[in-house]
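Content type CSV, C-alpha atoms and all ligand atoms, from the file entry.csv:
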```csv
chain,number,residue,atom,x,y,z
U,286,MET,CA,0.6,-118.4,-62.2
U,287,HIS,CA,0.1,-121.7,-60.5
U,288,GLU,CA,1.3,-125.0,-62.1
U,289,ILE,CA,-0.8,-128.1,-62.0
U,290,VAL,CA,0.0,-131.5,-63.6
U,291,VAL,CA,-2.7,-132.9,-65.8
U,292,ASN,CA,-2.9,-136.2,-67.7
U,293,LEU,CA,-5.3,-136.2,-70.6
U,294,HIS,CA,-6.6,-138.5,-73.3
U,295,MET,CA,-7.4,-141.9,-71.8
U,296,HIS,CA,-10.0,-144.6,-72.2
U,297,THR,CA,-12.2,-146.6,-69.8
U,298,VAL,CA,-14.6,-149.5,-70.0
U,299,TYR,CA,-17.0,-147.1,-71.7
U,300,SER,CA,-14.9,-147.6,-74.8
U,301,ASP,CA,-11.8,-149.7,-75.3
U,302,GLY,CA,-10.0,-149.2,-72.0
U,303,THR,CA,-10.1,-151.8,-69.2
U,304,GLY,CA,-10.4,-149.5,-66.1
U,305,THR,CA,-13.2,-147.5,-64.6
U,306,HIS,CA,-13.2,-143.8,-63.8
U,307,LYS,CA,-12.6,-144.7,-60.2
U,308,ASP,CA,-9.5,-146.8,-61.2
U,309,ILE,CA,-8.2,-143.8,-63.1
U,310,ALA,CA,-8.7,-141.5,-60.1
U,311,ASP,CA,-6.9,-143.9,-57.8
U,312,ALA,CA,-4.0,-144.3,-60.3
U,313,ALA,CA,-3.8,-140.5,-60.7
U,314,ILE,CA,-3.6,-139.9,-57.0
U,315,ARG,CA,-0.9,-142.5,-56.7
U,316,ALA,CA,1.0,-140.8,-59.5
U,317,GLY,CA,0.7,-137.4,-57.8
U,318,LEU,CA,-1.4,-135.8,-60.5
U,319,ASP,CA,-3.7,-132.8,-59.9
U,320,ALA,CA,-6.2,-133.5,-62.7
U,321,VAL,CA,-7.1,-136.0,-65.4
U,322,ILE,CA,-9.3,-135.7,-68.5
U,323,VAL,CA,-10.9,-138.9,-69.6
U,324,THR,CA,-11.8,-139.1,-73.3
U,325,ASP,CA,-13.7,-142.2,-74.3
U,326,HIS,CA,-14.3,-142.9,-78.0
U,327,ASN,CA,-17.5,-141.3,-79.4
U,328,VAL,CA,-19.3,-141.1,-76.1
U,329,LEU,CA,-19.6,-138.2,-73.6
U,330,VAL,CA,-20.0,-140.0,-70.2
U,331,GLN,CA,-22.1,-137.8,-68.0
U,332,GLY,CA,-22.2,-137.4,-64.2
U,333,LEU,CA,-18.8,-138.6,-63.2
U,334,GLU,CA,-16.8,-135.3,-63.1
U,335,GLY,CA,-15.6,-134.3,-59.7
U,336,TYR,CA,-12.9,-134.5,-57.0
U,337,TYR,CA,-12.0,-138.1,-56.1
U,338,ARG,CA,-10.2,-139.5,-53.1
U,339,ILE,CA,-8.3,-142.8,-53.0
U,340,SER,CA,-10.7,-145.8,-52.7
U,341,ARG,CA,-8.5,-148.8,-52.3
U,342,ASN,CA,-6.0,-149.6,-49.5
U,343,PRO,CA,-5.8,-146.0,-48.5
U,344,SER,CA,-2.4,-145.5,-46.9
U,345,THR,CA,-2.2,-142.5,-44.5
U,346,PRO,CA,-0.3,-140.0,-46.8
U,347,LEU,CA,-2.5,-140.7,-49.8
U,348,ARG,CA,-5.8,-140.5,-47.9
U,349,LYS,CA,-5.5,-136.7,-47.8
U,350,SER,CA,-4.9,-136.4,-51.6
U,351,ARG,CA,-7.5,-135.8,-54.1
U,352,VAL,CA,-7.7,-135.5,-57.9
U,353,LEU,CA,-10.0,-133.6,-60.2
U,354,LEU,CA,-11.5,-135.9,-62.8
U,355,LEU,CA,-12.9,-134.2,-65.9
U,356,VAL,CA,-14.6,-135.9,-68.8
U,357,GLY,CA,-14.3,-135.1,-72.5
U,358,GLN,CA,-14.4,-137.4,-75.5
U,359,GLU,CA,-12.4,-138.6,-78.5
U,360,VAL,CA,-14.5,-138.4,-81.6
U,361,HIS,CA,-14.0,-140.0,-85.1
U,362,ASP,CA,-16.1,-141.3,-87.9
U,363,GLN,CA,-16.5,-145.0,-87.2
U,364,ASP,CA,-17.8,-145.6,-90.7
U,365,ARG,CA,-14.6,-144.3,-92.3
U,366,ASP,CA,-12.1,-147.0,-93.4
U,367,PRO,CA,-9.4,-146.7,-92.2
U,368,GLN,CA,-10.7,-144.9,-89.1
U,369,LYS,CA,-8.5,-141.8,-89.2
U,370,ASN,CA,-9.0,-138.2,-88.0
U,371,HIS,CA,-9.5,-138.6,-84.2
U,372,LEU,CA,-10.4,-135.4,-82.4
U,373,LEU,CA,-10.1,-134.8,-78.7
U,374,VAL,CA,-13.0,-132.7,-77.4
U,375,PHE,CA,-13.0,-130.9,-74.0
U,376,ASN,CA,-15.6,-128.8,-72.3
U,377,ALA,CA,-18.3,-129.1,-75.0
U,378,ASN,CA,-21.8,-128.8,-73.5
U,379,ARG,CA,-23.1,-131.8,-75.4
U,380,ASP,CA,-22.1,-135.1,-77.1
U,381,VAL,CA,-20.7,-134.0,-80.5
U,382,SER,CA,-20.0,-137.5,-81.8
U,383,THR,CA,-23.0,-137.3,-84.2
U,384,LEU,CA,-21.0,-134.7,-86.2
U,385,ALA,CA,-18.1,-137.1,-86.8
U,386,ASP,CA,-18.6,-137.8,-90.5
U,387,ASP,CA,-17.0,-134.5,-91.4
U,388,PRO,CA,-14.0,-133.2,-89.4
U,389,GLN,CA,-14.7,-129.5,-90.2
U,390,THR,CA,-18.4,-129.8,-89.2
U,391,LEU,CA,-17.2,-131.5,-86.0
U,392,ILE,CA,-14.8,-128.7,-85.2
U,393,ASN,CA,-17.4,-126.1,-85.9
U,394,GLY,CA,-19.9,-128.0,-83.7
U,395,VAL,CA,-17.3,-128.1,-80.8
U,396,ASN,CA,-16.8,-124.4,-81.1
U,397,GLU,CA,-20.6,-123.8,-81.0
U,398,ALA,CA,-20.9,-126.0,-78.0
U,399,GLY,CA,-18.2,-123.9,-76.2
U,400,GLY,CA,-15.6,-126.6,-76.3
U,401,LEU,CA,-11.9,-127.0,-77.2
U,402,SER,CA,-10.7,-129.4,-79.9
U,403,PHE,CA,-7.3,-130.9,-80.3
U,404,ILE,CA,-6.1,-133.1,-83.2
U,405,ALA,CA,-5.3,-136.4,-81.6
U,406,HIS,CA,-2.2,-138.4,-82.5
U,407,PRO,CA,-1.6,-136.4,-85.7
U,408,ARG,CA,0.8,-139.1,-87.0
U,409,ASP,CA,0.0,-142.6,-85.8
U,410,PRO,CA,1.7,-145.2,-88.0
U,411,GLU,CA,0.6,-148.7,-88.6
U,412,ALA,CA,2.0,-151.5,-86.4
U,413,PRO,CA,1.4,-154.6,-88.6
U,414,ALA,CA,2.8,-157.0,-85.9
U,415,PHE,CA,-0.2,-156.1,-83.8
U,416,LYS,CA,-2.6,-155.7,-86.7
U,417,GLU,CA,-2.8,-152.0,-85.8
U,418,THR,CA,-3.6,-149.7,-88.8
U,419,ASP,CA,-2.4,-146.2,-89.5
U,420,ILE,CA,-4.9,-143.8,-87.8
U,421,SER,CA,-3.1,-140.5,-88.5
U,422,TRP,CA,-5.0,-137.2,-89.0
U,423,GLU,CA,-5.5,-136.7,-92.7
U,424,ALA,CA,-8.0,-133.7,-93.0
U,425,TRP,CA,-5.3,-131.0,-92.7
U,426,ASP,CA,-7.4,-128.5,-94.5
U,427,VAL,CA,-9.6,-127.9,-91.4
U,428,HIS,CA,-9.4,-124.8,-89.3
U,429,GLY,CA,-10.8,-123.4,-86.1
U,430,TYR,CA,-9.4,-126.1,-83.8
U,431,THR,CA,-7.5,-125.3,-80.6
U,432,GLY,CA,-4.4,-127.3,-81.1
U,433,ILE,CA,-2.7,-130.6,-81.6
U,434,GLU,CA,-1.6,-133.5,-79.4
U,435,LEU,CA,2.1,-133.1,-80.0
U,436,TRP,CA,3.2,-136.2,-78.0
U,437,ASN,CA,1.0,-139.2,-77.8
U,438,GLY,CA,2.3,-142.2,-75.8
U,439,LEU,CA,0.7,-144.8,-77.9
U,440,SER,CA,1.7,-143.4,-81.3
U,441,GLU,CA,5.3,-143.4,-80.2
U,442,LEU,CA,5.1,-147.0,-79.1
U,443,LYS,CA,3.7,-147.9,-82.6
U,444,THR,CA,6.9,-146.6,-84.1
U,445,LEU,CA,9.0,-149.0,-82.0
U,446,VAL,CA,7.4,-152.4,-82.5
U,447,PRO,CA,8.3,-154.0,-85.8
U,448,THR,CA,7.8,-157.5,-84.2
U,449,ARG,CA,5.6,-158.9,-81.4
U,450,LEU,CA,8.9,-159.6,-79.5
U,451,HIS,CA,9.6,-155.8,-79.5
U,452,GLY,CA,6.1,-155.4,-78.1
U,453,ALA,CA,6.7,-157.9,-75.3
U,454,PHE,CA,10.0,-156.1,-74.4
U,455,TYR,CA,8.3,-152.7,-74.1
U,456,ALA,CA,5.4,-154.3,-72.2
U,457,PHE,CA,7.8,-155.3,-69.5
U,458,PHE,CA,10.2,-152.4,-69.8
U,459,PRO,CA,7.9,-149.4,-70.7
U,460,GLN,CA,10.5,-146.9,-69.4
U,461,PHE,CA,12.4,-147.5,-72.7
U,462,ILE,CA,9.5,-146.2,-74.9
U,463,GLY,CA,9.5,-142.5,-74.5
U,464,HIS,CA,12.1,-140.7,-76.7
U,465,HIS,CA,10.4,-137.6,-78.1
U,466,PRO,CA,7.2,-136.6,-80.0
U,467,ILE,CA,7.2,-138.0,-83.5
U,468,LEU,CA,9.4,-135.6,-85.5
U,469,GLU,CA,7.0,-135.3,-88.3
U,470,VAL,CA,4.4,-133.9,-85.9
U,471,ILE,CA,6.9,-131.4,-84.4
U,472,GLN,CA,7.7,-130.3,-88.0
U,473,ARG,CA,4.0,-129.9,-88.9
U,474,TRP,CA,3.4,-127.8,-85.7
U,475,ASP,CA,6.4,-125.6,-86.5
U,476,ASP,CA,5.2,-125.1,-90.1
U,477,MET,CA,1.8,-123.9,-88.8
U,478,LEU,CA,3.5,-121.6,-86.3
U,479,ALA,CA,5.9,-120.2,-89.0
U,480,GLU,CA,2.9,-119.4,-91.1
U,481,GLY,CA,1.5,-117.2,-88.2
U,482,GLY,CA,-0.9,-119.8,-86.8
U,483,ARG,CA,-1.7,-120.1,-83.1
U,484,VAL,CA,-1.7,-123.8,-82.3
U,485,VAL,CA,-1.7,-125.0,-78.7
U,486,ALA,CA,0.4,-128.2,-78.1
U,487,ILE,CA,-0.6,-130.7,-75.5
U,488,GLY,CA,0.7,-134.1,-74.5
U,489,GLY,CA,-1.6,-137.1,-74.2
U,490,SER,CA,-1.1,-140.6,-72.8
U,491,ASP,CA,-3.8,-142.5,-74.7
U,492,ALA,CA,-3.9,-144.8,-71.7
U,493,HIS,CA,-6.0,-147.9,-72.1
U,494,ALA,CA,-4.5,-150.3,-69.4
U,495,LEU,CA,-4.8,-153.1,-72.0
U,496,ASN,CA,-4.7,-156.8,-71.1
U,497,MET,CA,-2.0,-158.7,-73.0
U,498,ARG,CA,-1.7,-162.4,-73.3
U,499,MET,CA,1.4,-164.1,-74.7
U,500,GLY,CA,1.3,-167.9,-74.1
U,501,PRO,CA,0.9,-168.5,-70.4
U,502,LEU,CA,1.6,-164.9,-69.5
U,503,GLN,CA,-1.1,-162.4,-69.0
U,504,ARG,CA,-0.7,-158.9,-67.6
U,505,VAL,CA,-2.0,-155.4,-67.8
U,506,ILE,CA,0.4,-153.6,-70.0
U,507,PHE,CA,1.0,-149.9,-69.7
U,508,PRO,CA,-1.2,-149.5,-66.6
U,509,TYR,CA,-2.7,-146.0,-65.9
U,510,THR,CA,-0.1,-145.3,-63.2
U,511,PHE,CA,2.7,-145.8,-65.7
U,512,HIS,CA,1.2,-143.4,-68.2
U,513,PHE,CA,0.4,-140.8,-65.4
U,514,ARG,CA,4.1,-140.7,-64.6
U,515,THR,CA,5.2,-140.3,-68.2
U,516,VAL,CA,3.9,-137.7,-70.7
U,517,ASN,CA,1.8,-135.0,-68.9
U,518,THR,CA,0.5,-131.6,-69.8
U,519,HIS,CA,1.5,-129.1,-67.2
U,520,VAL,CA,-1.1,-126.3,-67.0
U,521,LEU,CA,-0.6,-122.8,-65.6
U,522,ILE,CA,-3.7,-121.5,-63.9
U,523,PRO,CA,-4.1,-118.1,-62.2
U,524,GLU,CA,-5.0,-119.4,-58.7
U,525,PRO,CA,-4.5,-122.8,-57.0
U,526,LEU,CA,-7.3,-125.3,-57.5
U,527,THR,CA,-10.1,-124.4,-55.1
U,528,GLY,CA,-12.0,-127.6,-54.8
U,529,ASP,CA,-15.0,-126.1,-56.5
U,530,VAL,CA,-15.5,-128.3,-59.6
U,531,PRO,CA,-17.1,-125.7,-62.0
U,532,ALA,CA,-14.6,-123.0,-61.0
U,533,ASP,CA,-11.5,-125.3,-61.3
U,534,LYS,CA,-12.8,-126.8,-64.6
U,535,ARG,CA,-13.1,-123.3,-66.0
U,536,MET,CA,-9.6,-122.3,-65.0
U,537,ILE,CA,-8.1,-125.5,-66.6
U,538,TYR,CA,-9.9,-125.2,-69.9
U,539,GLU,CA,-9.3,-121.4,-70.1
U,540,ALA,CA,-5.6,-122.1,-69.6
U,541,LEU,CA,-5.5,-124.9,-72.2
U,542,ALA,CA,-7.3,-122.7,-74.7
U,543,ALA,CA,-4.7,-119.9,-74.1
U,544,GLY,CA,-1.8,-122.3,-74.5
U,545,HIS,CA,-0.7,-121.6,-70.9
U,546,CYS,CA,0.8,-125.1,-70.7
U,547,PHE,CA,3.7,-127.3,-71.7
U,548,VAL,CA,4.3,-130.9,-72.4
U,549,GLY,CA,6.5,-132.6,-69.8
U,550,TYR,CA,8.0,-136.1,-69.9
U,551,ASP,CA,8.0,-136.7,-66.2
U,552,LEU,CA,9.5,-140.2,-66.1
U,553,PRO,CA,13.3,-139.3,-66.3
U,554,ALA,CA,12.7,-136.5,-63.8
U,555,SER,CA,9.7,-134.3,-62.8
U,556,THR,CA,9.3,-131.3,-65.1
U,557,ARG,CA,7.4,-129.4,-62.4
U,558,GLY,CA,8.8,-125.9,-62.0
U,559,PHE,CA,9.6,-125.2,-65.7
U,560,THR,CA,8.9,-121.7,-66.8
U,561,PHE,CA,9.1,-119.7,-70.1
U,562,LYS,CA,8.3,-116.0,-69.9
U,563,GLY,CA,8.7,-112.9,-72.0
U,564,ARG,CA,9.2,-109.4,-70.8
U,565,GLY,CA,8.7,-106.4,-73.2
U,566,LEU,CA,8.4,-102.7,-73.0
U,567,GLU,CA,4.9,-102.6,-71.6
U,568,SER,CA,4.0,-106.1,-70.6
U,569,SER,CA,5.1,-109.5,-69.3
U,570,VAL,CA,3.7,-112.8,-70.7
U,571,VAL,CA,3.9,-116.5,-70.3
U,572,MET,CA,3.9,-119.3,-72.9
U,573,GLY,CA,0.8,-119.2,-75.1
U,574,ASP,CA,0.6,-115.4,-75.0
U,575,GLU,CA,1.3,-112.7,-77.6
U,576,ILE,CA,3.6,-109.7,-77.0
U,577,SER,CA,4.8,-106.7,-79.0
U,578,ALA,CA,8.3,-106.9,-80.5
U,579,ARG,CA,8.8,-103.2,-80.1
U,580,ARG,CA,12.2,-102.5,-78.5
U,581,GLY,CA,12.8,-106.2,-78.1
U,582,VAL,CA,11.4,-108.9,-75.8
U,583,THR,CA,13.5,-110.6,-73.1
U,584,LEU,CA,12.7,-114.3,-73.2
U,585,GLN,CA,13.6,-116.3,-70.1
U,586,SER,CA,13.4,-119.9,-69.3
U,587,HIS,CA,14.1,-121.8,-66.1
U,588,LEU,CA,14.3,-125.6,-65.6
U,589,PRO,CA,13.9,-127.7,-62.5
U,590,GLN,CA,17.2,-129.4,-63.3
U,591,PRO,CA,20.0,-128.8,-65.8
U,592,ALA,CA,19.4,-130.1,-69.3
U,593,GLU,CA,20.1,-129.1,-72.9
U,594,ILE,CA,17.9,-126.1,-73.6
U,595,ARG,CA,16.9,-125.3,-77.2
U,596,LEU,CA,15.3,-122.0,-78.3
U,597,ILE,CA,13.3,-122.4,-81.5
U,598,LYS,CA,11.9,-119.6,-83.6
U,599,ASP,CA,9.4,-120.5,-86.4
U,600,GLY,CA,10.8,-124.0,-86.5
U,601,LYS,CA,14.5,-123.0,-86.6
U,602,THR,CA,16.8,-123.6,-83.6
U,603,ILE,CA,18.4,-120.3,-82.9
U,604,ASN,CA,20.2,-121.1,-79.7
U,605,ILE,CA,21.3,-124.0,-77.6
U,606,TRP,CA,22.4,-124.0,-74.0
U,607,LYS,CA,24.1,-127.2,-72.9
U,608,ASP,CA,23.7,-128.6,-69.4
U,609,SER,CA,22.0,-125.4,-68.2
U,610,GLN,CA,19.2,-124.7,-65.8
U,611,ALA,CA,18.3,-121.3,-67.1
U,612,CYS,CA,18.7,-119.1,-70.2
U,613,ALA,CA,17.8,-115.7,-71.5
U,614,TYR,CA,17.6,-114.3,-75.0
U,615,THR,CA,16.5,-110.9,-76.4
U,616,ALA,CA,14.1,-111.4,-79.3
U,617,ILE,CA,14.0,-108.5,-81.7
U,618,GLU,CA,12.3,-110.1,-84.6
U,619,PRO,CA,8.7,-111.2,-84.7
U,620,GLY,CA,8.0,-114.9,-84.6
U,621,ALA,CA,6.8,-117.8,-82.6
U,622,TYR,CA,9.5,-118.6,-80.0
U,623,ARG,CA,9.4,-121.9,-78.1
U,624,VAL,CA,11.7,-123.9,-75.8
U,625,GLU,CA,12.6,-127.6,-75.8
U,626,ALA,CA,14.7,-129.3,-73.1
U,627,TRP,CA,16.5,-132.6,-73.8
U,628,ARG,CA,18.2,-134.9,-71.3
U,629,THR,CA,19.8,-138.3,-71.3
U,630,TYR,CA,17.8,-141.1,-69.7
U,631,LEU,CA,18.7,-144.8,-69.9
U,632,GLY,CA,21.6,-144.0,-72.2
U,633,VAL,CA,19.6,-142.1,-74.8
U,634,LYS,CA,19.0,-138.4,-75.3
U,635,ARG,CA,15.3,-137.8,-74.9
U,636,GLY,CA,12.9,-134.9,-75.2
U,637,TRP,CA,12.0,-133.8,-71.7
U,638,ILE,CA,10.1,-130.5,-72.0
U,639,PHE,CA,8.2,-128.9,-74.9
U,640,SER,CA,6.8,-125.4,-74.2
U,641,ASN,CA,4.1,-123.6,-76.0
U,642,PRO,CA,5.3,-120.6,-78.0
U,643,ILE,CA,5.5,-117.0,-77.0
U,644,TYR,CA,4.2,-115.1,-80.0
U,645,VAL,CA,6.3,-112.0,-80.6
U,646,ARG,CA,4.4,-109.8,-83.0
V,701,ZN,ZN,-7.4,-142.2,-81.1
V,702,ZN,ZN,-7.4,-142.5,-77.7
```
Let me see the file written as structure tokens.
Ligand SMILES: [Zn+2]
Ligand SMILES: [Zn+2]
Amino acid sequence: MHEIVVNLHMHTVYSDGTGTHKDIADAAIRAGLDAVIVTDHNVLVQGLEGYYRISRNPSTPLRKSRVLLLVGQEVHDQDRDPQKNHLLVFNANRDVSTLADDPQTLINGVNEAGGLSFIAHPRDPEAPAFKETDISWEAWDVHGYTGIELWNGLSELKTLVPTRLHGAFYAFFPQFIGHHPILEVIQRWDDMLAEGGRVVAIGGSDAHALNMRMGPLQRVIFPYTFHFRTVNTHVLIPEPLTGDVPADKRMIYEALAAGHCFVGYDLPASTRGFTFKGRGLESSVVMGDEISARRGVTLQSHLPQPAEIRLIKDGKTINIWKDSQACAYTAIEPGAYRVEAWRTYLGVKRGWIFSNPIYVR
């Protein structure tokens, strides 16, 4: 398996972002990403997918770098008030925004179009100081979607800004924002896993590169480069990226569909190199896969740096390894086993890595 770092869920001038696809590609190269997935609201922008190289002030080391830019969309019913139920759609062969008035019809349409769907910012509270409404997911009776956006950079910010002054603080010191996914979202994911569901978790930035004006001050807050160094989805693909757009796109989406990925908060330290594997009697698997419980499964995880490792089965923490870089556990009982890693950054313990589960059946 080959690991690539992907940032997904972001907006351009085609919806409510301020940057272009080219700006995003530049920022992604500067941040060292392998791929980005742009998801403008209710529009599938055609003809811009491909490998990009740096376009502005190319310095020698970066000129050789390239990034794969893919285009999906974020769909919701714009006639609904409040405008809840946002769905991230990847790899659909057509614009599905016309199906937005019913979430289940939309998910079915994505499946028919060969796409993947992820519930975006499942819990997204209001932020009255900024006149931002609650746009959480409400239609929890839906089925057939690929997974959920476990960690969304913007939803977390909305939990932190009771006043505009708080907003100004985080605009200038965005490194203080990221703590962990909203706990209610983790709980909901665990509940679904405990009931036997297979739900892929991804992390999204929801980058907009917004312009903020406060008195005489104007600046771009949370620029794309900041987001791209923050919450990323690390994807495990069978071969290194080849440079062939259709082939590479297929590998990435197949891996996301299979849950061969983890959410990494790369700002405190890069999460590149994290692994979570299971070895049973007859087979070996990675996160996202299913394996037989017969005669036990050895679960092993390795971190790029020491941290607190937590092993969670069906929502219950069953083991903690403090200040460790690796751990092993023999799973006898069936269940969904996943790993979290936590570390202290800027004086606060923060979620660092959230793996997808290994499903021991
Ligand atoms: Zn949204
Ligand atoms: Zn969004």
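The environment of His545 in chain U within 6 Å, counting all atoms listed in the file and disregarding residues fewer than 4 places along the same chain, consists of Leu521, Ala540, Leu541, Met572 and Gly573 of chain U.
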Write out as a list of chain:residue names each polymer residue whose atoms come within 9 Å of Asn393 in chain U, counting all atoms listed in the file; drop sequence neighbours fewer than 4 positions from it. U:Pro388, U:Gln389, U:Glu397, U:Ala398, U:His428, U:Gly429, U:Tyr430
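Using only C-alpha atoms for every distance, the candidate list U:Val427, U:Val446, U:Leu401, U:Val645 yields U:Val446 as the residue closest to Phe415 in chain U.
Distances from U:Gly482, U:Gly600, U:Pro346, U:Gly563 to Thr583 in chain U were compared using all atoms listed in the file, and the smallest one belongs to U:Gly563.
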Considering only C-alpha atoms, can you say which of U:Thr527, U:Leu391, U:Leu442, U:Ala405 comes closest to Glu417 in chain U? U:Leu442
Site check for ligand ZN 701 (chain V): residues at most 10 Å away, all atoms listed in the file, as a PyMOL selection string: chain U and resi 294-296+324-326+359-361+368-373+404-407+409+420-422+437+439-440+491
Given the choices U:Val321, U:Ala492, U:Ala377, U:Val485, which gets closest to ligand ZN 702 (chain V) if the distance is worked out from all atoms listed in the file?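 The shortest atom-to-atom distance to ligand ZN 702 (chain V) comes from U:Ala492.
Closest approach to ligand ZN 702 (chain V) among U:Glu334, U:Asp366, U:Glu434, U:Glu411 is made by U:Glu434 (distances from all atoms listed in the file).
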Contact residues around range 616-627 of chain U with all atoms listed in the file at 6 Å, ignoring same-chain residues under 4 positions, as a PyMOL selection string: chain U and resi 581-582+592-599+635-646
CA of Ser300 in chain U and CA of Pro459 in chain U are how many Å apart?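 These atoms are spaced 23.2 Å apart.
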Can you work out which one of U:Arg365, U:His306, U:His493, U:Arg338 has the shortest atom-to-atom distance to ligand ZN 702 (chain V), counting all atoms listed in the file?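 Comparing U:Arg365, U:His306, U:His493, U:Arg338 against ligand ZN 702 (chain V), the winner is U:His493.
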Within 8 Å of (-7.7, -130.1, -64.7) in the file's own coordinates, which protein, DNA or RNA residues have an atom, counting only C-alpha atoms? List them as a PyMOL selection string. chain U and resi 289-291+319-322+353-355+520+533-534+537-538
